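Working notes, beginning with the structure itself.
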Number of protein chains: 2
Amino acid sequence: MVKPQLAENVGTAARAMYNCGVTDLRLVQPREDHLTEKAIAASTGAEKVLRNAQLYESTEDAIADLNIVFATTARPRDMVKPVYHPKLAATKVLELPDGGRAGFLFGREKAGLENDDVALADAIVEVPLNPDYCSLNLAQAVLLMCYEWYQAHLSPEMESLPIRNSLPANKDVLVNFFERLEADLIETGFLRLESKRPAMIRNIRNMFERAHLTEQEVSTLHGMIKSLQRPQK
Amino acid sequence: MVKPQLAENVGTAARAMYNCGVTDLRLVQPREDHLTEKAIAASTGAEKVLRNAQLYESTEDAIADLNIVFATTARPRDMVKPVYHPKLAATKVLELPDGGRAGFLFGREKAGLENDDVALADAIVEVPLNPDYCSLNLAQAVLLMCYEWYQAHLSPEMESLPIRNSLPANKDVLVNFFERLEADLIETGFLRLESKRPAMIRNIRNMFERAHLTEQEVSTLHGMIKSLQRPQK
């Protein structure tokens, strides 16, 4: 962060970093001490990121050991420099050979990075946002960048289905349920038209298949049917 | 938002929504008036999102007209319900047929959504974050979800190269520069070894090609060479 104005904002940004497992915070000429009580309170549980922060006199010093540097900006600059989506920047970081180090520059809360800082970067990172209202506060900008890095880094599953204390129903359990349900529906008249029966049964089976039922849930359904069949009081 | 506690947090969340062009804010039993001065100040330029907010007595009422609903949670629930990455949830929203409406439920700042609210949702959305520190404040959670929606919605370019007031150099301009540079380097002895010359020239040309120079920049390089060739004072 280059010349951040309020230590509190450094604290909330540190929190956003730590949310994404990023801990190497570098501060160039912060206006306030980044270890004030207010800053530490703002970092909530991410105090250690603040305590590990390194201080530098210039942006050049802060990025000296880095192999690739991105400048985050909200407004277009009059520079011929590639502008990356945060996701692409995250990918570039992952593509660095072993031992490669990357950094992201964030500017002052009010005005952002100075052009001289942007000129030091390999590329600009711009977050595509509502063109009518694209101002992000420092912590929000840091969060979005670190979020993309973390997602690229982990390549997390897009979907999971937690199943606790119950196996996914095997097909035998499921078909047994289907047959019981269908027999009951024939008996009670719902499936009385024999010509339409096969199609209706397929529809019903598809509906339940789509739900990816667990064994526990199939038991529950059996119980529900049994209960529904009791004479109403 | 279900039972948000502080109006200020509703304000910062409204700001995050508007950053991503999302304006339909629904509040279920907020503890505070969402139009206090503090809340409006927290929303910065997104006051209109706050003013458009609708109030509801129950989560069921708030989602009554929606076709798909996602429950955002930070902690795993003991429920057999699919858990989506925010990006997948955003894709599902885009895949809705015309006229389809989607909503995202966010819980109280401290405790998140109640299980009864989660049970109303089609799927859970969980942001993969540092497992040692995954708590996000309300506005940050709203921002990440709306960000993914906006990115999916826009499918923005991953990279662009803004070029102002100068055309990309055509190959004639570039080759003219190469030949001038190479002639000078032969004359000054840098390329004196004729056997190594072709390979060295290829390396030099590749280096400049990689920079995707504009015409303006090629002019600048010509000027630099001319200047370097002046006798030092």
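Chain labels A, B, ... are given in the sequence in which chains occur in the structure tokens; within each chain residues are numbered consecutively from 1, and ligands are likewise numbered from 1 in the order shown.
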Determine which residues of chain B sit within 9 Å of chain A, taking into account only C-alpha atoms, and present them as a ChimeraX atom specification.
/B:15-16,18-22,45-46,76-89,128-136,139-140,143-144,147,150-151,154,156-164,213-214
What are the DSSP strand (DSSP E or B) residues of segment 31-176 of chain A, as a PyMOL selection string?
chain A and resi 54-56+68-72+83-84+102-105+108+112+123-125+159-160+168
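Of the listed residues A:Glu8, A:Glu109, A:Glu114, A:Glu95, the one whose atoms come nearest to Glu37 of chain A is A:Glu8, with distances taken using only C-alpha atoms.
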Computed gap from atom CA of Asn203 of chain A to atom CA of Ile225 of chain A is 18.3 Å
Please identify all polymer residues within 12 Å of Ser219 of chain B, counting only C-alpha atoms, omitting same-chain residues fewer than 2 positions from it, and present them as a VMD selection string.
chain B and resid 166 to 169 173 to 174 176 to 177 213 to 217 221 to 226
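The nearest approach to Asp61 of chain B among the residues B:His153, B:Arg26, B:Arg108, B:Lys3, with only C-alpha atoms taken into account, belongs to B:Arg26.
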Could you give me, as a PyMOL selection string, the residues within 12 Å of Leu191 of chain B, counting only C-alpha atoms and dropping anything in the same chain fewer than 4 positions from it?
chain B and resi 181-187+195-202+204
With DSSP run on the backbone, what are the alpha helix (DSSP H) residues within segment 15-223 of chain B? I'd like them as a ChimeraX atom specification.
/B:15-19,37-42,47-52,59-62,86-94,115-119,138-154,171-187,197-210,215-223
